[in-house]
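Report on one structure; see the data block that follows.
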Amino acid sequence: MVMQPTEKPQEVRAAEPRPRAGDKDLLRETIREQADKGQTKSDIVLLSVQRLLRRGAITNLAKMLGRMHPADVARVINHLSSPKEKREVFELVRGDSKRGQVLSELDIDSITQVLADLLQSDIAWLIKDLGPDDVAYILGVLPEERAKEILSLMRTEDSTEIADILKYPKDTAGAIMTTEFFSLSEDATAQDAIRRLQEATDAEMVFYIYVTDRDEHLVGVLSLRQLLTVPPATPLKNIATRDVISVSVDMDQEEVARQVASYNLLAIPVVDKEGVLVGIITVDDVVDVIREEATEDMMKMAGAVEQEAASRSSSLAAAKVRLPWLFTNLVGSLLSGAILWEFRYTIQEVVAIVSFIPVIAAMGGNVGLQSSTLIIRGLATGLVEVNDVRAVFLREVKIGLLMGIACGMILSLVGWIWHQGFLGVVVGVSLITAFLVSTSMATFMPIFLKRMGVDPAVAAGPFVTTANDITGITIYLSLSTLFMQYLR
């Protein structure tokens with residue numbers, strides 16, 4: 001990108017104190033100290049940066065940051081505790097181009113904090129060499145008015161591309177695509193394509209060459225290998241693969257990631273409703289999507305706020321988000337208590353029954369949680385489809401039966417030795433039955449919710465765990481009541 005301002009904004013930096021003796025060896029000392037503690041390289045680097053900050057060794061810290069990859073610098077900044085430390089480390093990164101790359105790797109909170117005191121012109125200068133998708137990500141974090149002002153400082157052509165990306169809803173293909181791609185007309189020859197490739201400087205990825213018609217509709221794709229193995233005068237339309245795998249601008253990013261993973265692509269083209277090629281999504285962005293979606297699903301299943309929201313929201317807001325799941329468990333616990341009250345006479349007759357109530361409830365809930373986690377993750381990654389319900393159900397029931405028999409035999413033996421023979425039989429049969437019910441419910445519920453259009457990660461986890469606790473206790477106490485005469 002070429003900025004309207006022709007002169008680089010002046011940087012204002014605090015005077016750097018002279019390094020004290022021993023600062024140069026601090027990283028080496030930290031590595032030796034932490035290596036024996038099982039610390040990873042990232043942990044060691046973070047500890048080193050924190051120590052250098054505390055000691056005021058700014059010169060050595062700047063040299064250390066200069067040898068680090070932008071992604072590693074961003075990881076350090078993300079994990080620093082205070083906004084002041086984050087801004088200080090970011091300002092020590094040498095070179096505007098590298099600082100821009102670091103900025104594109106930061107999380108939402110860190111971007112907001114390191115840019116808090118920078119002028120709009122300074123921010124525009126830092127991001128001038130970044131791709132449109134990275135610029136859109138950074139500006140999407142900032143307040144709308146501030147983002148518009150930064151866009152106004154860019155060349156019209158560049159700002160238009162970024163504005164087009166920003167207009168798409170979050171978590172869609174259009175929001176994560178880049179408009180820097182390489183495409184040619186289907187009438188171009190292989191020789192023309194090679195010449196254009198040699199001249200291309202702004203395309204993000206040229207492993208694939210996209211072929212379009214006169215109206216810019218995507219009609220084909222070819223690889224560099226195909227291009228180099230044909231006569232120079234061969235038209236691209238004669239060698240391009242017509243069956244192009246593409247995604248629409250409004251497709252959910254999770255489905256985009258699934259498409260890229262399924263077809264082992266390095267990039268996937270993005271088209272609008274008319275089939276016009278508007279951008280591509282590269283595999284590095286897909287990796288970020290997969291990590292983000294996996295984290296989101298796990299947080300939902302745990303009944304907690306998402307990771308990004310957790311760091312930005314207040315304690316009161318976070319508590320409000322988590323309370324519905326806790327209320328679900330609270331209601332389930334009260335129902336369990338009501339069930340125990342209903343069977344109070346059975347418990348009074350054979351007090352030994354109480355010994356195995358926690359075991360039945362916990363084991364049934366855990367096995368159900370295992371099954372539901374596998375099914376929910378399978379639905380999210382595409383390994384399990386809604387139409388696979390019968391096969392998946394039978395498989396999980398068989399697994400539940402095998403696990404129930406194994407654990408039930410052990411529990412029967414414990415009950416036999418601990419109390420008396422028939423109680424061990426009742427406990428073992430109860431556990432096997434609870435396992436079958438738990439795995440059945442945990443398998444059926446996520447698939448049912450998926451068919452109903454409800455996110456299984458949100459609703460299935462808390463419901464399955466609570467329901468399995470209740471059903472396990474009910475099965476155990478019902479069998480105990482049924483065979484009461486043999487337990488006295």
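Chain lettering (A, B, ...) mirrors the order of the structure tokens, residue numbering begins at 1 for each chain separately, and ligand numbering begins at 1 in order of display.
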Q: Tell me which protein, DNA and RNA residues are within 7 Å of Leu487 (chain A), counting only C-alpha atoms, leaving out same-chain ones fewer than 5 positions away, and put them as a ChimeraX atom specification.
A: /A:350,422-423
Q) Got a sec: who's within 8 Å of region 90-93 of chain A, counting only C-alpha atoms, leaving out chain neighbours fewer than 6 positions off, as a list in words? A)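 Within the cut-off, the hits are Arg13, Ile58, Leu61, Ala62, Leu65, Gly66, Ile77, Arg99 and Val114 of chain A.
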Q: Can you check which residues of region 239-484 of chain A DSSP gives as strand (DSSP E or B) on the backbone and send them as a PyMOL selection string?
A: chain A and resi 241+247-248+252+267-271+276-282
Q) How would you write, as a ChimeraX atom specification, the set of residues in region 87-163 of chain A that DSSP gives as helix (DSSP H, G or I)? A) /A:87-92,96-105,108-114,120-126,132-141,144-152,156-163
**Q.** For region 395-400 of chain A: contacts at 10 Å, only C-alpha atoms, fewer than 6 positions along chain excluded, given as a list in words
**A.**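 Close residues of region 395-400 of chain A: Gly364, Val367, Gly368, Ser371, Ser372, Leu374, Ile375, Val389, Ala406, Ile432, Thr433, Ala434, Phe435, Leu436, Val437, Ser438, Thr439, Ser440, Met441, Ala442, Thr443 and Phe444 of chain A.
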Q: Might you pull out every residue within 10 Å of Thr474 (chain A), with only C-alpha atoms counted and same-chain residues fewer than 2 positions away left off, and present them as a list in words?
A: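 Residues meeting the cut-off are Ser336, Ile339, Leu340, Phe343, Ile357, Ile360, Ala361, Ser430, Ala434, Asn468, Asp469, Ile470, Thr471, Gly472, Tyr476, Leu477, Ser478, Leu479 and Ser480 of chain A.
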Could you save those same residues with N, CA, C and O atoms as an mmCIF file, in the first residue's frame?
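That gives us again_26.cif:
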```cif
data_model
loop_
_atom_site.group_PDB
_atom_site.id
_atom_site.type_symbol
_atom_site.label_atom_id
_atom_site.label_comp_id
_atom_site.auth_asym_id
_atom_site.auth_seq_id
_atom_site.Cartn_x
_atom_site.Cartn_y
_atom_site.Cartn_z
ATOM 1 N N SER A 336 -31.763 -34.605 41.817
ATOM 2 C CA SER A 336 -31.098 -35.772 42.418
ATOM 3 C C SER A 336 -31.444 -35.870 43.902
ATOM 4 O O SER A 336 -31.686 -36.972 44.420
ATOM 5 N N ILE A 339 -34.898 -37.205 44.255
ATOM 6 C CA ILE A 339 -34.928 -38.654 44.023
ATOM 7 C C ILE A 339 -34.453 -39.403 45.265
ATOM 8 O O ILE A 339 -35.043 -40.415 45.672
ATOM 9 N N LEU A 340 -33.375 -38.908 45.862
ATOM 10 C CA LEU A 340 -32.882 -39.542 47.092
ATOM 11 C C LEU A 340 -33.951 -39.497 48.191
ATOM 12 O O LEU A 340 -34.108 -40.457 48.972
ATOM 13 N N PHE A 343 -36.571 -42.145 47.700
ATOM 14 C CA PHE A 343 -36.096 -43.496 48.032
ATOM 15 C C PHE A 343 -35.534 -43.559 49.453
ATOM 16 O O PHE A 343 -34.713 -44.414 49.773
ATOM 17 N N ILE A 357 -23.751 -44.602 45.763
ATOM 18 C CA ILE A 357 -24.470 -43.551 45.035
ATOM 19 C C ILE A 357 -23.510 -42.584 44.328
ATOM 20 O O ILE A 357 -23.700 -42.281 43.136
ATOM 21 N N ILE A 360 -21.983 -44.394 41.157
ATOM 22 C CA ILE A 360 -22.906 -44.554 40.034
ATOM 23 C C ILE A 360 -23.127 -43.226 39.318
ATOM 24 O O ILE A 360 -23.090 -43.144 38.084
ATOM 25 N N ALA A 361 -23.356 -42.158 40.097
ATOM 26 C CA ALA A 361 -23.609 -40.837 39.497
ATOM 27 C C ALA A 361 -22.397 -40.333 38.728
ATOM 28 O O ALA A 361 -22.518 -39.857 37.594
ATOM 29 N N SER A 430 -26.520 -52.100 37.917
ATOM 30 C CA SER A 430 -26.893 -50.685 37.838
ATOM 31 C C SER A 430 -25.884 -49.893 37.026
ATOM 32 O O SER A 430 -26.254 -49.038 36.204
ATOM 33 N N ALA A 434 -26.593 -47.987 33.619
ATOM 34 C CA ALA A 434 -26.339 -46.538 33.577
ATOM 35 C C ALA A 434 -25.414 -46.181 32.422
ATOM 36 O O ALA A 434 -25.603 -45.149 31.755
ATOM 37 N N ASN A 468 -27.495 -37.555 32.965
ATOM 38 C CA ASN A 468 -26.875 -38.846 33.264
ATOM 39 C C ASN A 468 -26.703 -39.059 34.766
ATOM 40 O O ASN A 468 -26.823 -40.184 35.263
ATOM 41 N N ASP A 469 -26.389 -38.002 35.492
ATOM 42 C CA ASP A 469 -26.310 -38.123 36.956
ATOM 43 C C ASP A 469 -27.652 -38.566 37.537
ATOM 44 O O ASP A 469 -27.719 -39.455 38.392
ATOM 45 N N ILE A 470 -28.735 -37.936 37.048
ATOM 46 C CA ILE A 470 -30.071 -38.248 37.560
ATOM 47 C C ILE A 470 -30.480 -39.671 37.196
ATOM 48 O O ILE A 470 -30.973 -40.431 38.041
ATOM 49 N N THR A 471 -30.278 -40.038 35.928
ATOM 50 C CA THR A 471 -30.694 -41.382 35.502
ATOM 51 C C THR A 471 -29.877 -42.466 36.192
ATOM 52 O O THR A 471 -30.410 -43.520 36.546
ATOM 53 N N GLY A 472 -28.588 -42.230 36.417
ATOM 54 C CA GLY A 472 -27.759 -43.220 37.098
ATOM 55 C C GLY A 472 -28.246 -43.505 38.509
ATOM 56 O O GLY A 472 -28.367 -44.669 38.930
ATOM 57 N N TYR A 476 -30.073 -47.044 39.921
ATOM 58 C CA TYR A 476 -29.473 -47.753 41.055
ATOM 59 C C TYR A 476 -30.476 -47.915 42.203
ATOM 60 O O TYR A 476 -30.670 -49.021 42.733
ATOM 61 N N LEU A 477 -31.146 -46.828 42.566
ATOM 62 C CA LEU A 477 -32.086 -46.898 43.688
ATOM 63 C C LEU A 477 -33.336 -47.704 43.333
ATOM 64 O O LEU A 477 -33.929 -48.367 44.194
ATOM 65 N N SER A 478 -33.744 -47.669 42.071
ATOM 66 C CA SER A 478 -34.897 -48.466 41.650
ATOM 67 C C SER A 478 -34.599 -49.957 41.760
ATOM 68 O O SER A 478 -35.432 -50.740 42.261
ATOM 69 N N LEU A 479 -33.416 -50.364 41.278
ATOM 70 C CA LEU A 479 -33.041 -51.773 41.386
ATOM 71 C C LEU A 479 -32.877 -52.183 42.855
ATOM 72 O O LEU A 479 -33.245 -53.306 43.238
ATOM 73 N N SER A 480 -32.331 -51.283 43.655
ATOM 74 C CA SER A 480 -32.167 -51.589 45.083
ATOM 75 C C SER A 480 -33.523 -51.787 45.746
ATOM 76 O O SER A 480 -33.698 -52.689 46.588
#
```
(Q) Please compute the CA of His217 (chain A)-CA of Val249 (chain A) distance, one decimal, in Å. (A)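 Distance reported for this atom pair: 14.0 Å.
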Q) What is the CA of Val73 (chain A)-CA of Glu85 (chain A) distance in Å, reported with one decimal? A)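 According to the coordinates, CA of Val73 (chain A) and CA of Glu85 (chain A) are separated by 12.8 Å.
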**Q.** Residue neighbourhood Gln253 (chain A), 6 Å, only C-alpha atoms, exclusion window fewer than 4 positions, as an NGL selection string
**A.** :A and (171-173)
Could you pull the residues within 9 Å of Val76 (chain A), counting only C-alpha atoms, minus those fewer than 3 positions along the same chain, as an mmCIF file with N, CA, C and O atoms, in the first residue's frame?
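Listing of around24.cif after writing:
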```cif
data_model
loop_
_atom_site.group_PDB
_atom_site.id
_atom_site.type_symbol
_atom_site.label_atom_id
_atom_site.label_comp_id
_atom_site.auth_asym_id
_atom_site.auth_seq_id
_atom_site.Cartn_x
_atom_site.Cartn_y
_atom_site.Cartn_z
ATOM 1 N N SER A 42 9.050 -20.923 24.448
ATOM 2 C CA SER A 42 8.214 -19.722 24.574
ATOM 3 C C SER A 42 8.177 -19.226 26.014
ATOM 4 O O SER A 42 8.236 -18.018 26.267
ATOM 5 N N ASP A 43 8.091 -20.160 26.963
ATOM 6 C CA ASP A 43 8.082 -19.772 28.381
ATOM 7 C C ASP A 43 9.390 -19.100 28.765
ATOM 8 O O ASP A 43 9.402 -18.098 29.490
ATOM 9 N N VAL A 45 11.543 -17.530 26.786
ATOM 10 C CA VAL A 45 11.653 -16.213 26.151
ATOM 11 C C VAL A 45 10.814 -15.185 26.909
ATOM 12 O O VAL A 45 11.258 -14.068 27.163
ATOM 13 N N LEU A 46 9.590 -15.580 27.292
ATOM 14 C CA LEU A 46 8.725 -14.663 28.028
ATOM 15 C C LEU A 46 9.351 -14.274 29.365
ATOM 16 O O LEU A 46 9.352 -13.097 29.747
ATOM 17 N N VAL A 49 12.170 -11.775 28.748
ATOM 18 C CA VAL A 49 11.677 -10.430 28.447
ATOM 19 C C VAL A 49 11.212 -9.740 29.726
ATOM 20 O O VAL A 49 11.501 -8.559 29.960
ATOM 21 N N ALA A 71 6.017 -13.359 14.916
ATOM 22 C CA ALA A 71 5.007 -14.154 15.624
ATOM 23 C C ALA A 71 5.430 -14.430 17.059
ATOM 24 O O ALA A 71 4.593 -14.452 17.974
ATOM 25 N N ASP A 72 6.738 -14.640 17.287
ATOM 26 C CA ASP A 72 7.234 -14.878 18.645
ATOM 27 C C ASP A 72 7.158 -13.603 19.487
ATOM 28 O O ASP A 72 6.840 -13.660 20.680
ATOM 29 N N VAL A 73 7.458 -12.476 18.858
ATOM 30 C CA VAL A 73 7.333 -11.198 19.574
ATOM 31 C C VAL A 73 5.879 -10.972 19.975
ATOM 32 O O VAL A 73 5.573 -10.565 21.106
ATOM 33 N N HIS A 79 1.187 -12.187 26.226
ATOM 34 C CA HIS A 79 1.231 -12.783 27.560
ATOM 35 C C HIS A 79 1.781 -11.853 28.630
ATOM 36 O O HIS A 79 1.871 -12.244 29.796
ATOM 37 N N LEU A 80 2.166 -10.633 28.253
ATOM 38 C CA LEU A 80 2.578 -9.667 29.272
ATOM 39 C C LEU A 80 1.348 -9.193 30.037
ATOM 40 O O LEU A 80 0.255 -9.086 29.489
ATOM 41 N N LYS A 86 3.220 -4.037 27.475
ATOM 42 C CA LYS A 86 2.959 -4.389 26.079
ATOM 43 C C LYS A 86 3.369 -3.264 25.148
ATOM 44 O O LYS A 86 4.014 -3.498 24.120
ATOM 45 N N VAL A 89 7.313 -2.957 25.012
ATOM 46 C CA VAL A 89 7.960 -3.972 24.181
ATOM 47 C C VAL A 89 7.663 -3.718 22.711
ATOM 48 O O VAL A 89 8.556 -3.827 21.851
#
```
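Proximity to Asp134 (chain A) was assessed for A:Asp272, A:Asp288, A:Glu105, A:Glu349 counting only C-alpha atoms; the smallest distance is recorded for A:Glu105.
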